[in-house]
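**Q** Hey, dropping run_31.cif in here, mmCIF, C-alpha atoms:
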data_start
#
loop_
_atom_site.group_PDB
_atom_site.id
_atom_site.type_symbol
_atom_site.label_atom_id
_atom_site.label_comp_id
_atom_site.auth_asym_id
_atom_site.auth_seq_id
_atom_site.Cartn_x
_atom_site.Cartn_y
_atom_site.Cartn_z
ATOM 1 C CA MET H 1 32.315 -61.727 -43.442
ATOM 2 C CA PRO H 2 29.437 -63.037 -41.386
ATOM 3 C CA ILE H 3 26.430 -60.839 -40.873
ATOM 4 C CA VAL H 4 25.342 -60.601 -37.275
ATOM 5 C CA LEU H 5 21.759 -59.677 -36.559
ATOM 6 C CA ALA H 6 21.293 -58.176 -33.141
ATOM 7 C CA TYR H 7 18.419 -56.523 -31.305
ATOM 8 C CA ALA H 8 19.340 -53.248 -29.745
ATOM 9 C CA GLU H 9 17.282 -51.913 -26.823
ATOM 10 C CA PRO H 10 16.007 -48.405 -27.611
ATOM 11 C CA PRO H 11 17.358 -45.715 -25.282
ATOM 12 C CA ALA H 12 15.185 -45.096 -22.310
ATOM 13 C CA ALA H 13 13.009 -42.036 -22.673
ATOM 14 C CA VAL H 14 14.127 -39.166 -20.479
ATOM 15 C CA ALA H 15 11.207 -37.872 -18.465
ATOM 16 C CA PRO H 16 10.818 -34.096 -18.586
ATOM 17 C CA ALA H 17 11.713 -32.325 -15.400
ATOM 18 C CA ALA H 18 8.687 -31.831 -13.217
ATOM 19 C CA ALA H 19 7.512 -28.258 -12.891
ATOM 20 C CA PRO H 20 8.064 -26.848 -9.413
ATOM 21 C CA MET H 21 4.887 -27.181 -7.377
ATOM 22 C CA GLY H 22 5.812 -25.440 -4.150
ATOM 23 C CA PRO H 23 4.720 -21.911 -3.230
ATOM 24 C CA ILE H 24 5.792 -19.308 -5.769
ATOM 25 C CA THR H 25 8.698 -17.218 -4.500
ATOM 26 C CA ASP H 26 9.379 -15.157 -7.645
ATOM 27 C CA PRO H 27 5.979 -14.040 -8.990
ATOM 28 C CA GLN H 28 5.460 -11.597 -11.802
ATOM 29 C CA TRP H 29 2.485 -9.288 -11.400
ATOM 30 C CA GLU H 30 0.383 -7.665 -14.057
ATOM 31 C CA ASN H 31 -0.341 -3.963 -13.692
ATOM 32 C CA VAL H 32 -3.365 -3.156 -11.563
ATOM 33 C CA ARG H 33 -5.516 -0.206 -12.439
ATOM 34 C CA ALA H 34 -7.164 1.585 -9.576
ATOM 35 C CA TYR H 35 -8.400 5.071 -8.991
ATOM 36 C CA PRO H 36 -8.436 7.292 -5.889
ATOM 37 C CA GLY H 37 -11.104 6.068 -3.531
ATOM 38 C CA GLU H 38 -11.555 2.703 -5.274
ATOM 39 C CA MET H 39 -9.389 0.673 -2.915
ATOM 40 C CA GLU H 40 -10.888 2.296 0.141
ATOM 41 C CA LYS H 41 -14.057 0.201 -0.206
ATOM 42 C CA TYR H 42 -12.022 -2.883 0.727
ATOM 43 C CA TYR H 43 -10.808 -1.370 3.998
ATOM 44 C CA PRO H 44 -12.586 -3.109 6.913
ATOM 45 C CA PRO H 45 -15.341 -0.674 8.021
ATOM 46 C CA GLY H 46 -14.652 -1.126 11.713
ATOM 47 C CA ALA H 47 -10.928 -0.518 11.274
ATOM 48 C CA LEU H 48 -11.575 2.510 9.077
ATOM 49 C CA ALA H 49 -13.919 3.980 11.665
ATOM 50 C CA GLU H 50 -11.209 3.568 14.298
ATOM 51 C CA ALA H 51 -8.449 4.853 11.969
ATOM 52 C CA ALA H 52 -6.689 1.530 12.626
ATOM 53 C CA SER H 53 -3.979 -0.037 10.464
ATOM 54 C CA GLY H 54 -3.354 -3.752 10.007
ATOM 55 C CA VAL H 55 -1.892 -6.498 7.865
ATOM 56 C CA ALA H 56 -3.014 -9.895 6.596
ATOM 57 C CA VAL H 57 -1.092 -12.717 4.937
ATOM 58 C CA ILE H 58 -3.118 -14.629 2.372
ATOM 59 C CA GLU H 59 -2.550 -17.688 0.195
ATOM 60 C CA CYS H 60 -4.125 -18.084 -3.258
ATOM 61 C CA THR H 61 -3.994 -20.472 -6.185
ATOM 62 C CA VAL H 62 -3.084 -19.091 -9.603
ATOM 63 C CA SER H 63 -5.608 -19.829 -12.371
ATOM 64 C CA ARG H 64 -4.847 -20.410 -16.066
ATOM 65 C CA LYS H 65 -5.531 -16.726 -16.698
ATOM 66 C CA GLY H 66 -3.453 -15.488 -13.778
ATOM 67 C CA ALA H 67 -6.388 -14.776 -11.481
ATOM 68 C CA LEU H 68 -6.042 -15.523 -7.780
ATOM 69 C CA GLU H 69 -8.520 -18.168 -6.705
ATOM 70 C CA ALA H 70 -9.398 -20.123 -3.552
ATOM 71 C CA CYS H 71 -7.752 -17.461 -1.416
ATOM 72 C CA LYS H 72 -7.604 -17.849 2.334
ATOM 73 C CA ALA H 73 -6.156 -15.775 5.136
ATOM 74 C CA LEU H 74 -3.251 -17.431 6.944
ATOM 75 C CA ARG H 75 -2.969 -14.788 9.635
ATOM 76 C CA GLU H 76 -3.925 -11.202 10.403
ATOM 77 C CA SER H 77 -2.824 -8.528 12.833
ATOM 78 C CA PRO H 78 -4.495 -7.187 14.836
ATOM 79 C CA GLU H 79 -6.947 -10.055 15.049
ATOM 80 C CA GLY H 80 -10.680 -9.545 15.040
ATOM 81 C CA MET H 81 -10.797 -6.498 12.738
ATOM 82 C CA GLN H 82 -11.494 -8.445 9.504
ATOM 83 C CA PHE H 83 -8.226 -7.541 7.779
ATOM 84 C CA GLY H 84 -7.975 -11.167 6.624
ATOM 85 C CA ASP H 85 -11.456 -11.153 5.056
ATOM 86 C CA ALA H 86 -10.736 -7.799 3.413
ATOM 87 C CA ALA H 87 -7.456 -9.059 1.957
ATOM 88 C CA VAL H 88 -9.171 -12.116 0.460
ATOM 89 C CA LYS H 89 -11.758 -9.893 -1.239
ATOM 90 C CA LEU H 90 -9.071 -7.511 -2.445
ATOM 91 C CA ALA H 91 -7.064 -10.358 -3.991
ATOM 92 C CA ALA H 92 -9.703 -10.677 -6.703
ATOM 93 C CA ARG H 93 -8.420 -7.365 -8.085
ATOM 94 C CA PHE H 94 -4.911 -8.633 -8.788
ATOM 95 C CA ARG H 95 -3.581 -10.669 -11.682
ATOM 96 C CA MET H 96 -0.334 -12.596 -11.962
ATOM 97 C CA LYS H 97 1.577 -13.515 -15.066
ATOM 98 C CA THR H 98 1.300 -17.238 -15.681
ATOM 99 C CA THR H 99 5.077 -17.693 -15.601
ATOM 100 C CA THR H 100 7.418 -16.768 -12.790
ATOM 101 C CA ARG H 101 10.569 -14.692 -13.151
ATOM 102 C CA SER H 102 12.578 -17.888 -13.505
ATOM 103 C CA GLY H 103 10.358 -19.043 -16.386
ATOM 104 C CA ALA H 104 8.477 -21.763 -14.491
ATOM 105 C CA SER H 105 4.728 -22.100 -14.834
ATOM 106 C CA ALA H 106 2.675 -20.406 -12.134
ATOM 107 C CA VAL H 107 -0.608 -22.079 -13.078
ATOM 108 C CA GLY H 108 -2.066 -24.242 -10.329
ATOM 109 C CA ARG H 109 0.527 -23.204 -7.792
ATOM 110 C CA VAL H 110 -0.008 -21.169 -4.646
ATOM 111 C CA VAL H 111 1.308 -17.705 -3.933
ATOM 112 C CA ARG H 112 1.499 -16.146 -0.489
ATOM 113 C CA MET H 113 1.579 -12.422 0.093
ATOM 114 C CA PRO H 114 1.082 -9.857 2.832
ATOM 115 C CA ILE H 115 -1.434 -7.089 2.237
ATOM 116 C CA GLU H 116 -1.031 -4.008 4.394
ATOM 117 C CA PHE H 117 -3.888 -1.681 5.267
ATOM 118 C CA ASN H 118 -2.423 1.622 6.394
ATOM 119 C CA PHE H 119 -4.378 4.553 7.738
ATOM 120 C CA ALA H 120 -2.503 7.837 7.559
ATOM 121 C CA TRP H 121 -3.452 11.266 8.844
ATOM 122 C CA ALA H 122 -1.805 12.728 5.752
ATOM 123 C CA MET H 123 -2.965 15.623 3.614
ATOM 124 C CA PHE H 124 -1.249 14.693 0.366
ATOM 125 C CA GLU H 125 -0.980 10.903 0.498
ATOM 126 C CA PRO H 126 -2.613 9.171 -2.509
ATOM 127 C CA ILE H 127 -3.991 5.653 -2.443
ATOM 128 C CA ASN H 128 -1.292 3.372 -3.751
ATOM 129 C CA PRO H 129 -2.601 1.705 -6.963
ATOM 130 C CA ARG H 130 0.415 -0.515 -7.660
ATOM 131 C CA PRO H 131 0.381 -4.259 -7.003
ATOM 132 C CA SER H 132 2.592 -3.784 -3.965
ATOM 133 C CA PHE H 133 -0.296 -4.754 -1.706
ATOM 134 C CA ASP H 134 -0.014 -1.632 0.427
ATOM 135 C CA ILE H 135 -3.464 -0.064 0.665
ATOM 136 C CA LEU H 136 -3.232 3.453 2.024
ATOM 137 C CA VAL H 137 -6.243 5.507 3.048
ATOM 138 C CA SER H 138 -6.651 8.804 4.863
ATOM 139 C CA PRO H 139 -9.587 10.651 6.432
ATOM 140 C CA LYS H 140 -11.911 12.933 4.542
ATOM 141 C CA TRP H 141 -10.774 16.521 4.659
ATOM 142 C CA SER H 142 -13.175 19.451 4.641
ATOM 143 C CA LYS H 143 -10.274 21.823 3.969
ATOM 144 C CA ARG H 144 -6.786 21.180 2.574
ATOM 145 C CA PRO H 145 -3.916 23.431 1.496
ATOM 146 C CA SER H 146 -3.543 23.893 -2.243
ATOM 147 C CA GLY H 147 -0.484 23.500 -4.408
ATOM 148 C CA ASP H 148 -0.197 27.297 -4.388
ATOM 149 C CA ASP H 149 -0.143 27.245 -0.579
ATOM 150 C CA LEU H 150 2.654 24.689 -0.624
ATOM 151 C CA ALA H 151 4.648 26.784 -3.085
ATOM 152 C CA ARG H 152 4.106 29.930 -1.031
ATOM 153 C CA PHE H 153 5.197 28.381 2.254
ATOM 154 C CA TYR H 154 8.068 26.322 0.815
ATOM 155 C CA PRO H 155 11.256 27.535 2.591
ATOM 156 C CA GLN H 156 12.990 29.877 0.140
ATOM 157 C CA GLU H 157 16.539 28.638 0.733
ATOM 158 C CA ALA H 158 15.464 25.017 0.335
ATOM 159 C CA SER H 159 13.562 25.820 -2.849
ATOM 160 C CA ARG H 160 16.501 27.778 -4.286
ATOM 161 C CA THR H 161 18.976 24.960 -3.660
ATOM 162 C CA GLY H 162 16.630 22.110 -4.663
ATOM 163 C CA ILE H 163 16.200 20.628 -1.186
ATOM 164 C CA GLN H 164 13.106 18.581 -0.324
ATOM 165 C CA GLY H 165 11.901 17.869 3.186
ATOM 166 C CA LEU H 166 9.693 15.833 5.494
ATOM 167 C CA VAL H 167 8.029 17.043 8.665
ATOM 168 C CA ILE H 168 5.954 15.032 11.138
ATOM 169 C CA LEU H 169 3.568 17.244 13.061
ATOM 170 C CA GLU H 170 1.831 16.217 16.277
ATOM 171 C CA CYS H 171 -1.568 17.893 16.480
ATOM 172 C CA GLN H 172 -4.749 17.675 18.495
ATOM 173 C CA VAL H 173 -8.045 17.462 16.638
ATOM 174 C CA GLN H 174 -10.583 20.040 17.774
ATOM 175 C CA PRO H 175 -14.388 19.491 17.736
ATOM 176 C CA ASP H 176 -14.671 21.457 14.482
ATOM 177 C CA GLY H 177 -11.894 19.450 12.798
ATOM 178 C CA ASN H 178 -9.204 22.105 13.055
ATOM 179 C CA LEU H 179 -5.774 20.974 14.212
ATOM 180 C CA THR H 180 -4.423 22.888 17.173
ATOM 181 C CA PRO H 181 -2.151 22.992 19.008
ATOM 182 C CA CYS H 182 0.519 21.473 16.778
ATOM 183 C CA SER H 183 4.210 20.862 17.361
ATOM 184 C CA VAL H 184 7.058 19.541 15.237
ATOM 185 C CA ALA H 185 7.837 15.927 16.157
ATOM 186 C CA LYS H 186 10.349 15.359 13.332
ATOM 187 C CA GLU H 187 12.007 17.562 10.729
ATOM 188 C CA ASP H 188 14.369 16.365 8.008
ATOM 189 C CA PRO H 189 16.566 18.154 7.122
ATOM 190 C CA GLU H 190 16.511 20.497 10.086
ATOM 191 C CA LYS H 191 18.298 23.653 8.955
ATOM 192 C CA TYR H 192 15.821 24.928 6.338
ATOM 193 C CA ASP H 193 12.813 25.585 8.632
ATOM 194 C CA PHE H 194 10.566 22.994 7.023
ATOM 195 C CA GLY H 195 8.995 22.671 10.471
ATOM 196 C CA GLY H 196 7.908 26.311 10.515
ATOM 197 C CA ALA H 197 6.499 25.969 6.997
ATOM 198 C CA ALA H 198 4.515 22.874 7.982
ATOM 199 C CA LEU H 199 3.016 24.690 10.971
ATOM 200 C CA LYS H 200 1.760 27.377 8.589
ATOM 201 C CA LEU H 201 0.336 24.829 6.170
ATOM 202 C CA VAL H 202 -1.537 22.914 8.842
ATOM 203 C CA THR H 203 -3.654 26.006 9.613
ATOM 204 C CA LYS H 204 -5.256 25.381 6.213
ATOM 205 C CA LEU H 205 -6.086 21.790 7.063
ATOM 206 C CA GLN H 206 -9.379 20.674 8.578
ATOM 207 C CA ILE H 207 -10.713 17.160 9.114
ATOM 208 C CA ASP H 208 -14.302 16.378 8.151
ATOM 209 C CA VAL H 209 -15.672 15.321 11.535
ATOM 210 C CA THR H 210 -19.126 14.504 10.167
ATOM 211 C CA ARG H 211 -18.298 11.107 8.606
ATOM 212 C CA GLY H 212 -15.948 8.137 8.553
ATOM 213 C CA PRO H 213 -12.916 8.174 10.859
ATOM 214 C CA GLY H 214 -13.487 11.889 11.416
ATOM 215 C CA LEU H 215 -16.436 11.099 13.659
ATOM 216 C CA LYS H 216 -14.053 9.817 16.333
ATOM 217 C CA ALA H 217 -11.221 12.206 15.609
ATOM 218 C CA PRO H 218 -12.026 15.136 17.963
ATOM 219 C CA GLY H 219 -9.754 15.074 20.981
ATOM 220 C CA LYS H 220 -7.255 12.694 19.377
ATOM 221 C CA LEU H 221 -3.566 13.485 19.281
ATOM 222 C CA ILE H 222 -2.438 12.538 15.785
ATOM 223 C CA ASN H 223 0.727 12.599 13.699
ATOM 224 C CA ILE H 224 0.533 14.277 10.298
ATOM 225 C CA PRO H 225 3.316 13.809 7.726
ATOM 226 C CA VAL H 226 3.948 16.849 5.533
ATOM 227 C CA ARG H 227 6.202 16.281 2.523
ATOM 228 C CA PHE H 228 7.789 19.187 0.723
ATOM 229 C CA LEU H 229 8.451 18.034 -2.839
ATOM 230 C CA LEU H 230 9.735 20.123 -5.716
ATOM 231 C CA PRO H 231 8.050 19.747 -9.121
ATOM 232 C CA HIS H 232 9.879 17.542 -11.624
#
Translate this file's structure into structure tokens.
**A**
Amino acid sequence: MPIVLAYAEPPAAVAPAAAPMGPITDPQWENVRAYPGEMEKYYPPGALAEAASGVAVIECTVSRKGALEACKALRESPEGMQFGDAAVKLAARFRMKTTTRSGASAVGRVVRMPIEFNFAWAMFEPINPRPSFDILVSPKWSKRPSGDDLARFYPQEASRTGIQGLVILECQVQPDGNLTPCSVAKEDPEKYDFGGAALKLVTKLQIDVTRGPGLKAPGKLINIPVRFLLPH
């Protein structure tokens, strides 16, 4: 049997699939540690003084360690209040995981995100420390109701049956920071008299009118959310 010598071409190498390089749509965020009052320093001073809320959309590049670099503001609303600049500074606080939820590399790619700056005339609202990019601040209070006050004024029937409630009060700020007159703008649910309880609680609330947004608060008509939450 003859022996045939033949040259066989090696199989062509299969190039690895290119990693996606477009904007990241499925980021994974590391936990962000923040403490009450820490995020407030990023709030634009002019907006804070006016008790104004706003939002900015920023774009950043993800570093090898998950840091957000070369950030820039794409747009902001309202314009001219430095929410874009504030969002860019704030982005340095956040870290991403270097892989997306789909397993692709995030390194070197861009991520876009809105950051909201919300001012709330709320007595119990904490600053949101999670990487949800919703920065919530409230005015300084010279007097606030205590947990005991909330328990005392909690509607008895609602407490007995495990019902929680939300009331939005509309109040006018007086020169000394007291809130009067007040009226119930919203009450949910309505049949447990959460509105009446909130009107009692607000008598123990006083805005510090000597600093920050409180300086311009006297005479303003403001909405105050009051949440009635049962302990876990």
**Q** Since I can't run it myself right now, could you work out what the PyMOL selection byres ((chain H and resi 165) around 6) selects here and report it as a list of chain:residue names?
**A**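 Evaluating the PyMOL selection byres ((chain H and resi 165) around 6) on these coordinates yields H:Gln164, H:Leu166, H:Asp188, H:Arg227, H:Phe228.
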**Q** For the residues in the current selection, export C-alpha atoms as an mmCIF file, in the frame of the given file.
**A**
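Okay, this is what ended up in result-v4.cif:
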data_model
loop_
_atom_site.group_PDB
_atom_site.id
_atom_site.type_symbol
_atom_site.label_atom_id
_atom_site.label_comp_id
_atom_site.auth_asym_id
_atom_site.auth_seq_id
_atom_site.Cartn_x
_atom_site.Cartn_y
_atom_site.Cartn_z
ATOM 1 C CA GLN H 164 13.106 18.581 -0.324
ATOM 2 C CA LEU H 166 9.693 15.833 5.494
ATOM 3 C CA ASP H 188 14.369 16.365 8.008
ATOM 4 C CA ARG H 227 6.202 16.281 2.523
ATOM 5 C CA PHE H 228 7.789 19.187 0.723
#
**Q** Would you pick out the contacts of Lys191 in chain H at 10 Å or less, using only C-alpha atoms, so that residues sharing its chain but fewer than 3 positions from it are not included, and give the list as a short mmCIF file (atom, residue, chain, number, x, y, z; two decimals) with C-alpha atoms, in the frame of the given file?
**A**
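The file below, selection-v6.cif, is the result:
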data_model
loop_
_atom_site.label_atom_id
_atom_site.label_comp_id
_atom_site.auth_asym_id
_atom_site.auth_seq_id
_atom_site.Cartn_x
_atom_site.Cartn_y
_atom_site.Cartn_z
CA GLU H 157 16.54 28.64 0.73
CA ALA H 158 15.46 25.02 0.34
CA GLU H 187 12.01 17.56 10.73
CA ASP H 188 14.37 16.36 8.01
CA PHE H 194 10.57 22.99 7.02
CA GLY H 195 8.99 22.67 10.47
#
**Q** Residue by residue, what does the PyMOL selection byres ((chain H and resi 100) around 10) grab here? Present the result as a ChimeraX atom specification.
**A** /H:24-29,96-99,101-107
**Q** I would like the residues chosen by the PyMOL selection byres ((chain H and resi 93) around 9) on the shown file; could you give them as JSON, numbers by chain?
**A** {"H": [32, 33, 67, 68, 89, 90, 91, 92, 94, 95]}
**Q** Please determine, counting all atoms listed in the file, which residue among H:Arg144, H:Lys65, H:Arg75, H:Arg160 has the shortest atom-to-atom distance to Ile115 in chain H.
**A**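 Answer, going by the shortest atom-to-atom distance: H:Arg75.
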**Q** Separation of CA of Ser183 in chain H and CA of Leu215 in chain H, in Å?
**A** 23.1 Å
**Q** Nearest to Val202 in chain H: which of H:Ile222, H:Ala217, H:Ala185, H:Leu169 is it, counting all atoms listed in the file?
**A**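 The answer is H:Leu169, which sits nearest to Val202 in chain H.
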**Q** Skipping near chain neighbours, those fewer than 5 positions away, what residues fall within 8 Å of Val110 in chain H using only C-alpha atoms, listed as a PDB file with C-alpha atoms, in the frame of the given file?
**A**
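New file result-v3.pdb:
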ATOM      1  CA  GLY H  22       5.812 -25.440  -4.150  1.00  0.00           C
ATOM      2  CA  PRO H  23       4.720 -21.911  -3.230  1.00  0.00           C
ATOM      3  CA  ILE H  24       5.792 -19.308  -5.769  1.00  0.00           C
ATOM      4  CA  GLU H  59      -2.550 -17.688   0.195  1.00  0.00           C
ATOM      5  CA  CYS H  60      -4.125 -18.084  -3.258  1.00  0.00           C
ATOM      6  CA  THR H  61      -3.994 -20.472  -6.185  1.00  0.00           C
ATOM      7  CA  VAL H  62      -3.084 -19.091  -9.603  1.00  0.00           C
TER       8      VAL H  62
END
**Q** Atoms are missing here; could range 48-69 of chain H be completed with N, CA and C atoms and written as a tab-separated table (two decimals), in the frame of the given file?
**A**
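Output saved as result_3.tsv:
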chain	number	residue	atom	x	y	z
H	48	LEU	N	-11.58	1.16	9.65
H	48	LEU	CA	-11.58	2.51	9.08
H	48	LEU	C	-12.19	3.50	10.05
H	49	ALA	N	-13.28	3.09	10.70
H	49	ALA	CA	-13.92	3.98	11.66
H	49	ALA	C	-13.00	4.31	12.83
H	50	GLU	N	-12.14	3.36	13.18
H	50	GLU	CA	-11.21	3.57	14.30
H	50	GLU	C	-9.87	4.14	13.84
H	51	ALA	N	-9.72	4.39	12.54
H	51	ALA	CA	-8.45	4.85	11.97
H	51	ALA	C	-7.33	3.88	12.32
H	52	ALA	N	-7.65	2.57	12.25
H	52	ALA	CA	-6.69	1.53	12.63
H	52	ALA	C	-6.01	0.95	11.39
H	53	SER	N	-4.74	0.62	11.52
H	53	SER	CA	-3.98	-0.04	10.46
H	53	SER	C	-3.81	-1.51	10.80
H	54	GLY	N	-3.55	-2.33	9.77
H	54	GLY	CA	-3.35	-3.75	10.01
H	54	GLY	C	-2.73	-4.43	8.81
H	55	VAL	N	-2.50	-5.72	8.94
H	55	VAL	CA	-1.89	-6.50	7.86
H	55	VAL	C	-2.46	-7.91	7.89
H	56	ALA	N	-2.58	-8.51	6.71
H	56	ALA	CA	-3.01	-9.90	6.60
H	56	ALA	C	-2.12	-10.61	5.60
H	57	VAL	N	-1.83	-11.88	5.87
H	57	VAL	CA	-1.09	-12.72	4.94
H	57	VAL	C	-2.08	-13.71	4.35
H	58	ILE	N	-2.18	-13.74	3.02
H	58	ILE	CA	-3.12	-14.63	2.37
H	58	ILE	C	-2.39	-15.60	1.44
H	59	GLU	N	-3.07	-16.69	1.12
H	59	GLU	CA	-2.55	-17.69	0.20
H	59	GLU	C	-3.60	-17.94	-0.87
H	60	CYS	N	-3.20	-17.90	-2.15
H	60	CYS	CA	-4.12	-18.08	-3.26
H	60	CYS	C	-3.54	-19.06	-4.27
H	61	THR	N	-4.41	-19.62	-5.07
H	61	THR	CA	-3.99	-20.47	-6.18
H	61	THR	C	-4.11	-19.69	-7.48
H	62	VAL	N	-3.12	-19.84	-8.35
H	62	VAL	CA	-3.08	-19.09	-9.60
H	62	VAL	C	-3.85	-19.85	-10.68
H	63	SER	N	-4.81	-19.19	-11.33
H	63	SER	CA	-5.61	-19.83	-12.37
H	63	SER	C	-4.86	-19.78	-13.71
H	64	ARG	N	-5.46	-20.39	-14.73
H	64	ARG	CA	-4.85	-20.41	-16.07
H	64	ARG	C	-4.73	-19.01	-16.66
H	65	LYS	N	-5.58	-18.10	-16.19
H	65	LYS	CA	-5.53	-16.73	-16.70
H	65	LYS	C	-4.79	-15.78	-15.75
H	66	GLY	N	-4.21	-16.32	-14.71
H	66	GLY	CA	-3.45	-15.49	-13.78
H	66	GLY	C	-4.28	-14.91	-12.65
H	67	ALA	N	-5.56	-15.26	-12.59
H	67	ALA	CA	-6.39	-14.78	-11.48
H	67	ALA	C	-6.02	-15.52	-10.21
H	68	LEU	N	-6.31	-14.90	-9.08
H	68	LEU	CA	-6.04	-15.52	-7.78
H	68	LEU	C	-7.33	-16.13	-7.26
H	69	GLU	N	-7.31	-17.45	-7.09
H	69	GLU	CA	-8.52	-18.17	-6.70
H	69	GLU	C	-8.30	-18.92	-5.40
